[in-house]
>>> print(open('work24.txt').read())   # compact mmCIF, C-alpha atoms
# COMPACT_ATOMS: atom_id res chain seq x y z
CA MET A 1 -27.17 25.41 2.29
CA TRP A 2 -28.94 28.69 3.06
CA CYS A 3 -29.48 29.28 -0.65
CA ALA A 4 -30.83 25.75 -1.05
CA VAL A 5 -33.25 26.24 1.83
CA LYS A 6 -34.52 29.57 0.50
CA TRP A 7 -34.92 28.20 -3.02
CA GLY A 8 -36.73 25.09 -1.78
CA GLU A 9 -39.06 27.22 0.34
CA ARG A 10 -39.72 29.56 -2.57
CA PHE A 11 -41.04 26.82 -4.85
CA HIS A 12 -42.33 24.12 -2.47
CA GLY A 13 -42.88 25.79 0.89
CA ARG A 14 -41.50 24.42 4.15
CA PRO A 15 -41.27 20.78 2.91
CA GLY A 16 -39.24 21.99 -0.04
CA ALA A 17 -36.91 23.89 2.28
CA TRP A 18 -36.29 20.74 4.30
CA VAL A 19 -35.67 18.53 1.26
CA ALA A 20 -33.35 20.92 -0.57
CA GLY A 21 -31.57 21.93 2.64
CA LEU A 22 -31.00 18.39 3.89
CA LEU A 23 -29.75 17.10 0.54
CA THR A 24 -27.26 19.97 0.36
CA ALA A 25 -26.19 19.70 4.00
CA LEU A 26 -25.56 15.96 3.78
CA TRP A 27 -23.94 15.79 0.35
CA PRO A 28 -20.39 14.51 1.04
CA ASP A 29 -18.60 16.49 -1.70
CA LEU A 30 -19.66 19.75 -0.08
CA VAL A 31 -18.66 18.56 3.38
CA LEU A 32 -15.23 17.30 2.28
CA MET A 33 -14.32 20.35 0.19
CA ALA A 34 -15.81 23.09 2.36
CA PRO A 35 -12.80 23.57 4.69
CA HIS A 36 -10.20 23.65 1.90
CA PRO A 37 -8.92 27.21 1.25
CA LEU A 38 -8.59 26.67 -2.49
CA GLU A 39 -9.73 29.08 -5.18
CA GLU A 40 -12.38 26.63 -6.40
CA THR A 41 -13.93 26.47 -2.93
CA LEU A 42 -13.70 30.21 -2.30
CA SER A 43 -15.11 31.08 -5.72
CA ALA A 44 -18.00 28.66 -5.15
CA ASP A 45 -18.73 30.37 -1.84
CA ILE A 46 -19.06 33.63 -3.78
CA LEU A 47 -20.70 32.39 -6.99
CA LEU A 48 -23.68 30.67 -5.36
CA PRO A 49 -24.98 33.74 -3.47
CA ALA A 50 -24.25 35.82 -6.58
CA ILE A 51 -26.51 33.58 -8.66
CA TYR A 52 -29.08 33.63 -5.87
CA LEU A 53 -29.20 37.42 -6.23
CA VAL A 54 -29.28 37.19 -10.03
CA GLU A 55 -32.28 34.87 -9.87
CA ALA A 56 -33.96 37.29 -7.46
CA CYS A 57 -33.19 40.23 -9.77
CA ARG A 58 -34.74 38.72 -12.88
CA GLY A 59 -37.93 40.70 -12.21
CA GLN A 60 -38.04 44.16 -10.71
CA ALA A 61 -34.93 44.73 -8.64
CA GLY A 62 -33.47 47.59 -6.68
CA LEU A 63 -30.16 49.20 -7.47
CA ARG A 64 -28.61 47.76 -4.31
CA SER A 65 -29.41 44.14 -5.30
CA ILE A 66 -28.02 44.65 -8.82
CA SER A 67 -24.84 46.23 -7.42
CA ALA A 68 -24.39 43.40 -4.91
CA ALA A 69 -24.87 40.74 -7.59
CA GLY A 70 -22.39 42.47 -9.90
CA PHE A 71 -19.83 42.83 -7.13
CA LEU A 72 -20.06 39.14 -6.19
CA LEU A 73 -19.76 38.06 -9.83
CA GLY A 74 -16.65 40.22 -10.21
CA LEU A 75 -15.19 38.77 -7.02
CA ALA A 76 -15.86 35.21 -8.24
CA PHE A 77 -14.01 36.06 -11.47
CA ALA A 78 -11.10 37.55 -9.55
CA LEU A 79 -10.81 34.34 -7.52
CA ARG A 80 -11.03 32.00 -10.53
CA GLU A 81 -11.06 33.41 -14.05
CA GLN A 82 -11.94 29.98 -15.49
CA LEU A 83 -15.51 30.72 -14.34
CA ALA A 84 -15.74 33.57 -16.89
CA PRO A 85 -18.26 31.83 -19.20
CA ALA A 86 -20.61 31.04 -16.32
CA ILE A 87 -20.19 34.55 -14.91
CA ALA A 88 -20.94 36.04 -18.33
CA ILE A 89 -24.15 34.00 -18.52
CA ALA A 90 -25.19 35.21 -15.09
CA GLY A 91 -24.37 38.80 -16.09
CA ILE A 92 -26.55 38.57 -19.19
CA PHE A 93 -29.47 37.28 -17.15
CA LEU A 94 -28.87 40.02 -14.57
CA CYS A 95 -28.65 42.99 -16.93
CA ARG A 96 -30.63 41.86 -20.00
CA ARG A 97 -31.21 44.87 -22.30
CA SER A 98 -31.06 47.55 -19.66
CA PRO A 99 -28.13 49.97 -20.14
CA GLN A 100 -28.59 51.19 -16.58
CA ARG A 101 -28.27 47.67 -15.22
CA TRP A 102 -25.17 47.00 -17.32
CA ALA A 103 -23.49 50.19 -16.18
CA LEU A 104 -24.28 49.55 -12.52
CA ALA A 105 -23.35 45.85 -12.55
CA LEU A 106 -20.10 46.37 -14.49
CA ALA A 107 -19.05 49.21 -12.20
CA ALA A 108 -19.63 47.04 -9.14
CA ALA A 109 -17.90 44.01 -10.72
CA SER A 110 -14.85 46.07 -11.65
CA LEU A 111 -14.08 46.87 -8.01
CA PRO A 112 -12.84 43.42 -6.89
CA VAL A 113 -11.22 42.81 -10.30
CA LEU A 114 -9.31 46.09 -10.05
CA ALA A 115 -8.34 45.24 -6.47
CA ALA A 116 -6.91 41.91 -7.68
CA GLY A 117 -4.98 43.74 -10.41
CA LEU A 118 -3.53 46.14 -7.86
CA LEU A 119 -2.57 43.23 -5.63
CA ASP A 120 -0.64 41.73 -8.56
CA TRP A 121 1.07 45.07 -9.10
CA PHE A 122 2.02 45.28 -5.43
CA THR A 123 3.30 41.68 -5.16
CA TRP A 124 4.59 40.95 -8.68
CA GLY A 125 5.21 44.43 -10.05
CA GLN A 126 2.75 44.07 -12.94
CA MET A 127 -0.98 44.74 -13.11
CA PHE A 128 -3.08 41.59 -13.59
CA ARG A 129 0.02 39.41 -13.96
CA SER A 130 -1.61 36.36 -12.37
CA PHE A 131 -4.56 36.65 -14.79
CA TRP A 132 -2.79 36.78 -18.14
CA MET A 133 0.16 34.63 -17.06
CA ASN A 134 -2.21 31.82 -16.05
CA ILE A 135 -3.88 31.87 -19.45
CA TYR A 136 -0.66 32.25 -21.45
CA LEU A 137 1.31 29.52 -19.70
CA ASN A 138 -1.50 26.97 -19.78
CA LEU A 139 -2.93 27.68 -23.22
CA GLY A 140 0.13 29.04 -24.99
CA ARG A 141 2.90 26.97 -23.39
CA GLY A 142 0.90 23.91 -22.29
CA VAL A 143 2.31 23.94 -18.76
CA ALA A 144 -0.61 22.26 -16.96
CA SER A 145 -1.27 19.61 -19.59
CA GLY A 146 2.41 18.91 -20.23
CA TYR A 147 3.88 19.05 -16.73
CA PHE A 148 0.94 17.47 -14.89
CA ASP A 149 -1.29 15.52 -17.27
CA SER A 150 -4.15 15.82 -19.72
CA SER A 151 -7.47 13.96 -19.78
CA SER A 152 -10.21 13.32 -22.29
CA PRO A 153 -13.41 15.40 -22.37
CA ALA A 154 -15.21 12.43 -20.78
CA TYR A 155 -13.14 12.77 -17.59
CA TYR A 156 -15.73 14.66 -15.56
CA PRO A 157 -18.85 12.66 -16.55
CA LEU A 158 -17.05 9.36 -15.94
CA ASN A 159 -15.60 10.48 -12.62
CA LEU A 160 -18.95 11.78 -11.43
CA LEU A 161 -20.41 8.35 -12.17
CA TYR A 162 -17.52 6.77 -10.27
CA ALA A 163 -17.84 9.15 -7.32
CA TRP A 164 -21.65 9.19 -7.06
CA LEU A 165 -22.53 5.77 -8.54
CA TRP A 166 -26.26 5.50 -9.34
CA SER A 167 -26.91 8.82 -7.64
CA ALA A 168 -25.27 10.66 -10.54
CA LEU A 169 -28.24 9.78 -12.77
CA PHE A 170 -30.73 10.93 -10.12
CA ILE A 171 -28.82 14.18 -9.58
CA ALA A 172 -28.72 14.86 -13.33
CA TYR A 173 -32.47 14.30 -13.68
CA PHE A 174 -33.58 16.25 -10.61
CA ALA A 175 -31.07 19.06 -11.27
CA TRP A 176 -32.62 19.39 -14.72
CA GLN A 177 -36.04 19.64 -13.07
CA GLY A 178 -34.71 22.29 -10.69
CA ALA A 179 -33.05 24.19 -13.54
CA ARG A 180 -36.45 24.62 -15.19
CA LYS A 181 -37.37 26.79 -12.19
CA LEU A 182 -33.93 28.39 -11.79
CA PRO A 183 -32.53 28.69 -15.34
CA VAL A 184 -29.60 30.91 -14.37
CA ALA A 185 -28.24 28.40 -11.87
CA GLY A 186 -28.76 25.54 -14.30
CA ALA A 187 -27.09 27.34 -17.20
CA CYS A 188 -24.11 28.37 -15.06
CA ALA A 189 -23.60 24.82 -13.72
CA ALA A 190 -23.69 23.44 -17.27
CA ALA A 191 -21.29 26.12 -18.50
CA ILE A 192 -18.76 25.32 -15.77
CA ILE A 193 -18.76 21.61 -16.56
CA ILE A 194 -18.68 22.06 -20.34
CA THR A 195 -15.87 24.63 -20.35
CA HIS A 196 -13.76 22.55 -17.98
CA CYS A 197 -14.29 19.47 -20.18
CA LEU A 198 -12.53 21.43 -22.93
CA ILE A 199 -9.50 22.22 -20.73
CA ALA A 200 -6.77 19.60 -21.08
CA HIS A 201 -5.67 19.31 -17.44
CA LYS A 202 -8.56 18.20 -15.24
CA GLU A 203 -9.12 17.67 -11.53
CA MET A 204 -12.46 17.06 -9.84
CA ARG A 205 -12.01 20.08 -7.59
CA PHE A 206 -12.08 22.34 -10.67
CA ILE A 207 -15.83 21.80 -11.09
CA PHE A 208 -16.65 22.19 -7.40
CA PRO A 209 -18.54 25.47 -8.11
CA ALA A 210 -20.81 23.46 -10.44
CA THR A 211 -21.41 20.88 -7.72
CA THR A 212 -22.53 23.58 -5.30
CA LEU A 213 -25.16 24.56 -7.87
CA LEU A 214 -26.22 21.08 -8.96
CA ILE A 215 -27.05 19.74 -5.51
CA PRO A 216 -29.45 22.57 -4.48
CA LEU A 217 -31.04 22.33 -7.94
CA ALA A 218 -31.49 18.59 -7.47
CA GLY A 219 -33.02 19.27 -4.06
CA ILE A 220 -35.59 21.57 -5.65
CA GLY A 221 -36.37 19.00 -8.31
CA LEU A 222 -36.64 16.26 -5.70
CA ALA A 223 -38.95 18.39 -3.52
CA GLY A 224 -41.46 18.61 -6.33
CA ALA A 225 -41.16 14.99 -7.48
CA CYS A 226 -43.19 12.83 -5.09
CA ALA A 227 -44.84 14.13 -1.98
CA LYS A 228 -45.01 10.90 0.04
CA ARG A 229 -41.73 9.14 -0.66
CA LYS A 230 -39.30 11.99 -1.22
CA TYR A 231 -37.32 11.33 1.98
CA LEU A 232 -36.93 7.64 1.09
CA LEU A 233 -35.75 8.66 -2.36
CA MET A 234 -33.37 11.19 -0.79
CA ALA A 235 -31.83 8.42 1.32
CA CYS A 236 -31.38 6.31 -1.83
CA ILE A 237 -29.68 9.23 -3.58
CA LEU A 238 -27.38 9.97 -0.64
CA ALA A 239 -26.38 6.32 -0.38
CA GLY A 240 -24.61 6.50 -3.75
CA PRO A 241 -21.77 8.90 -2.91
CA TYR A 242 -21.45 7.58 0.65
CA MET A 243 -20.93 4.03 -0.66
CA SER A 244 -18.55 5.16 -3.40
CA PRO A 245 -14.88 4.11 -3.25
CA VAL A 246 -13.96 7.78 -3.71
CA PHE A 247 -15.67 8.80 -0.46
CA LEU A 248 -14.06 5.94 1.44
CA MET A 249 -10.68 6.96 0.01
CA MET A 250 -11.09 10.59 1.05
CA VAL A 251 -12.15 9.69 4.59
CA GLN A 252 -9.25 7.26 4.98
CA TRP A 253 -6.83 9.77 3.48
CA GLN A 254 -7.77 12.59 5.83
CA ASP A 255 -8.09 10.32 8.87
CA SER A 256 -4.63 8.82 8.23
CA ALA A 257 -3.04 12.26 7.87
CA SER A 258 -4.76 13.55 11.00
CA THR A 259 -3.73 10.55 13.11
CA PHE A 260 -0.20 10.67 11.69
CA TYR A 261 0.48 14.32 12.50
CA THR A 262 -1.28 14.19 15.85
CA ALA A 263 1.09 11.41 16.91
CA LEU A 264 4.09 13.41 15.69
CA ALA A 265 2.88 16.57 17.46
CA ARG A 266 2.75 14.73 20.81
CA GLN A 267 6.53 14.45 20.67
CA HIS A 268 6.86 18.27 20.51
CA PRO A 269 9.50 18.47 17.79
CA CYS A 270 11.23 21.81 17.27
CA LEU A 271 12.10 21.47 13.57
CA VAL A 272 10.27 19.12 11.18
CA SER A 273 11.65 18.40 7.72
CA ILE A 274 8.99 17.58 5.12
CA GLN A 275 10.68 15.54 2.38
CA THR A 276 7.64 14.27 0.52
CA TRP A 277 5.53 16.15 -2.01
CA ASN A 278 2.48 14.04 -1.18
CA ARG A 279 -0.32 16.62 -1.01
CA GLY A 280 -2.35 14.48 1.38
CA PHE A 281 0.38 14.58 4.01
CA TRP A 282 1.33 18.20 4.21
CA PRO A 283 1.51 19.28 7.88
CA ILE A 284 -1.71 19.92 9.76
CA PHE A 285 -0.31 22.97 11.51
CA PRO A 286 -2.99 23.47 14.22
CA VAL A 287 -2.07 20.20 15.99
CA PHE A 288 1.46 21.49 16.70
CA ASP A 289 2.45 24.02 19.34
CA ALA A 290 3.93 27.43 18.59
CA ARG A 291 7.59 26.41 18.85
CA THR A 292 7.44 23.83 16.04
CA ARG A 293 8.92 25.03 12.75
CA PHE A 294 8.78 23.32 9.37
CA THR A 295 11.36 23.13 6.64
CA GLY A 296 12.10 21.35 3.40
CA PRO A 297 15.00 18.90 2.96
CA PRO A 298 17.95 20.35 4.92
CA LEU A 299 21.05 21.36 3.01
CA PRO A 300 24.60 20.43 4.13
CA GLY A 301 25.78 22.52 7.05
CA GLU A 302 22.31 23.56 8.18
CA VAL A 303 20.63 22.76 11.47
CA ALA A 304 19.54 19.12 11.57
CA PRO A 305 15.80 18.64 12.05
CA ASP A 306 14.28 16.84 15.02
CA ALA A 307 11.85 14.90 12.83
CA ILE A 308 11.67 13.90 9.17
CA VAL A 309 8.50 13.12 7.22
CA ALA A 310 9.10 11.19 4.00
CA SER A 311 7.85 8.45 1.74
CA ALA A 312 8.91 5.03 2.95
CA ASP A 313 10.32 3.91 -0.40
CA THR A 314 12.39 6.97 -1.24
CA ALA A 315 13.52 8.28 2.15
CA GLN A 316 17.23 8.95 2.72
CA ILE A 317 17.42 9.25 6.49
CA PRO A 318 20.66 10.43 8.16
CA PRO A 319 22.20 8.37 10.98
CA GLY A 320 20.74 8.83 14.44
CA PHE A 321 17.09 8.87 13.40
CA THR A 322 14.60 6.16 14.36
CA ARG A 323 11.42 5.40 12.47
CA GLN A 324 8.45 5.94 14.76
CA ALA A 325 5.23 5.43 12.80
CA CYS A 326 3.83 5.18 9.30
CA ALA A 327 0.46 5.97 7.75
CA PRO A 328 -0.98 4.14 4.75
CA GLU A 329 -1.77 6.08 1.63
CA SER A 330 -5.38 6.03 0.57
CA TRP A 331 -6.30 3.47 -2.04
CA ILE A 332 -9.30 2.95 -4.27
CA PRO A 333 -10.01 0.27 -6.88
CA PHE A 334 -8.29 0.58 -10.26
CA HIS A 335 -5.62 2.88 -8.80
CA LYS A 336 -2.02 2.01 -7.97
CA ARG A 337 -1.40 1.56 -4.27
CA LEU A 338 1.07 4.22 -3.11
CA PRO A 339 3.81 3.72 -0.49
CA GLU A 340 3.38 4.60 3.15
CA ILE A 341 4.35 7.96 4.62
CA CYS A 342 6.53 7.68 7.75
CA TYR A 343 8.25 9.94 10.22
CA TRP A 344 11.62 9.56 11.87
CA THR A 345 12.85 11.32 15.02
CA ARG A 346 16.16 11.73 16.82
CA PRO A 347 16.79 12.33 20.54
CA VAL A 348 16.92 16.04 21.41
CA THR A 349 17.17 17.78 24.73
CA ALA A 350 16.26 21.30 23.67
CA CYS A 351 15.05 23.13 20.61
CA ALA A 352 17.89 23.79 18.23
CA GLN A 353 18.29 27.40 17.20
CA GLY A 354 19.50 28.56 13.84
CA PRO A 355 18.41 29.16 10.26
CA SER A 356 16.39 26.53 8.42
CA THR A 357 15.69 25.89 4.77
CA PRO A 358 12.35 27.46 3.79
CA PHE A 359 9.77 25.61 1.78
CA THR A 360 10.54 26.05 -1.90
CA LEU A 361 8.23 25.86 -4.87
CA VAL A 362 8.91 23.61 -7.84
CA PHE A 363 8.14 25.21 -11.20
CA PRO A 364 7.66 23.42 -14.54
CA PRO A 365 10.50 24.12 -16.99
CA ALA A 366 8.22 26.03 -19.38
CA ALA A 367 7.30 28.46 -16.60
CA ARG A 368 10.82 29.15 -15.33
CA PRO A 369 11.67 31.94 -17.83
CA PHE A 370 8.76 33.99 -16.44
CA ILE A 371 9.77 33.84 -12.77
CA ILE A 372 10.55 37.25 -11.30
CA PRO A 373 13.90 37.00 -9.46
CA GLY A 374 13.70 37.52 -5.74
CA ARG A 375 9.94 37.03 -5.47
CA LEU A 376 9.79 33.31 -4.68
CA PRO A 377 12.39 30.68 -3.70
CA LEU A 378 13.13 28.31 -6.54
CA THR A 379 14.04 24.62 -6.35
CA PRO A 380 16.79 23.70 -8.86
>>> encode(input="work24.txt", output="structure tokens")
Amino acid sequence: MWCAVKWGERFHGRPGAWVAGLLTALWPDLVLMAPHPLEETLSADILLPAIYLVEACRGQAGLRSISAAGFLLGLAFALREQLAPAIAIAGIFLCRRSPQRWALALAAASLPVLAAGLLDWFTWGQMFRSFWMNIYLNLGRGVASGYFDSSSPAYYPLNLLYAWLWSALFIAYFAWQGARKLPVAGACAAAIIITHCLIAHKEMRFIFPATTLLIPLAGIGLAGACAKRKYLLMACILAGPYMSPVFLMMVQWQDSASTFYTALARQHPCLVSIQTWNRGFWPIFPVFDARTRFTGPPLPGEVAPDAIVASADTAQIPPGFTRQACAPESWIPFHKRLPEICYWTRPVTACAQGPSTPFTLVFPPAARPFIIPGRLPLTP
């Protein structure tokens, strides 16, 4: 939002700062994704200020600004290497034909990349293992597209229309207007969307860094569109995503999970078994107190949990447990309605002590030969 405000003020003064800032602050995608500690969100947090510095360095720039821009671009790459085409575009705009700029920017960018390589060496025993293994397994072995799913190149444009309704057309037009003033930001946003359209496995969160660029650009374009009715037009644009079934689904999803786990936390369980892989109903740890532990499905002979969280249609609940409450899965038109998530509890007088089954990670079959023994627990 700070970048949007500064860009709007740069081109359209204080009114432009308000328009670009408000559109960015109120855009629901940014609000919903901001608290998620995913690599797409973290890389977007880094890429946007990096491009802000690149745009500022297009004229005469000091060595400190060039170094800072290069460092942030390198850090964005270390967080998500799929942004490499957009980062390369930003680097070309930053350095142009200046050997001094290239040397300075590449030296600064290599620091976070080298740090990520050393982290791989420390944790996995091989330099840059997470970088090349990601590329090899997904492109060479087809893990993501085969184990999860694959989508057509039209996935992102169609889903943006579904998620933003009529506002998608307004955002495209005004972002194009803003990109005429900020070509680096516009080119990087386009590169992110285009390159991800070519990747078989697609999720909307993958292009979140592009969204964080498109909305400020649209705010700049909107600020220069019509002086008298821009706030009315902004309200019309914001109404699209807020009236979308996707937004209603996300709000219901997160509200259901929050209410569900808050109710479970009030019972102060000592050991909670999570038996569903539903990503919307993973535990919200802050609502529980310090004594609550979490485990996967318990194995025979292990300490029985005090509470079980599972899908209502597949749960195999041991004797002595009573179902307490269920939460509906989110649902949107044209999608299959999923079963409810419930939790069961049993009477306990004190916290049971003893070992518990740790959470285990499920790996696709094509990736199993590359697992380093002893590094991560493996589900059979």
>>> closest_residue(input="work24.txt", among="A:Arg97, A:Ala86, A:Ala78, A:Gly70", to="Leu119 of chain A", atoms="all atoms listed in the file")
A:Ala78
>>> closest_residue(input="work24.txt", among="A:Arg101, A:Pro35, A:Ala116, A:Ile51", to="Leu75 of chain A", atoms="all atoms listed in the file")
A:Ala116
>>> closest_residue(input="work24.txt", among="A:Tyr52, A:Leu160, A:Ser130, A:Pro209", to="Ala76 of chain A", atoms="only C-alpha atoms")
A:Pro209
>>> atom_distance(input="work24.txt", atom1="atom CA of Ala69 of chain A", atom2="atom CA of Ala105 of chain A")
7.3 Å
>>> closest_residue(input="work24.txt", among="A:Gly59, A:Gly320, A:Pro15, A:Pro283", to="Gly296 of chain A", atoms="all atoms listed in the file")
A:Pro283
>>> atom_distance(input="work24.txt", atom1="atom CA of Trp176 of chain A", atom2="atom CA of Cys236 of chain A")
18.4 Å
>>> atom_distance(input="work24.txt", atom1="atom CA of Leu222 of chain A", atom2="atom CA of Trp7 of chain A")
12.4 Å
>>> closest_residue(input="work24.txt", among="A:Leu42, A:Leu238, A:Ala168, A:Ala90", to="Ala191 of chain A", atoms="all atoms listed in the file")
A:Ala90
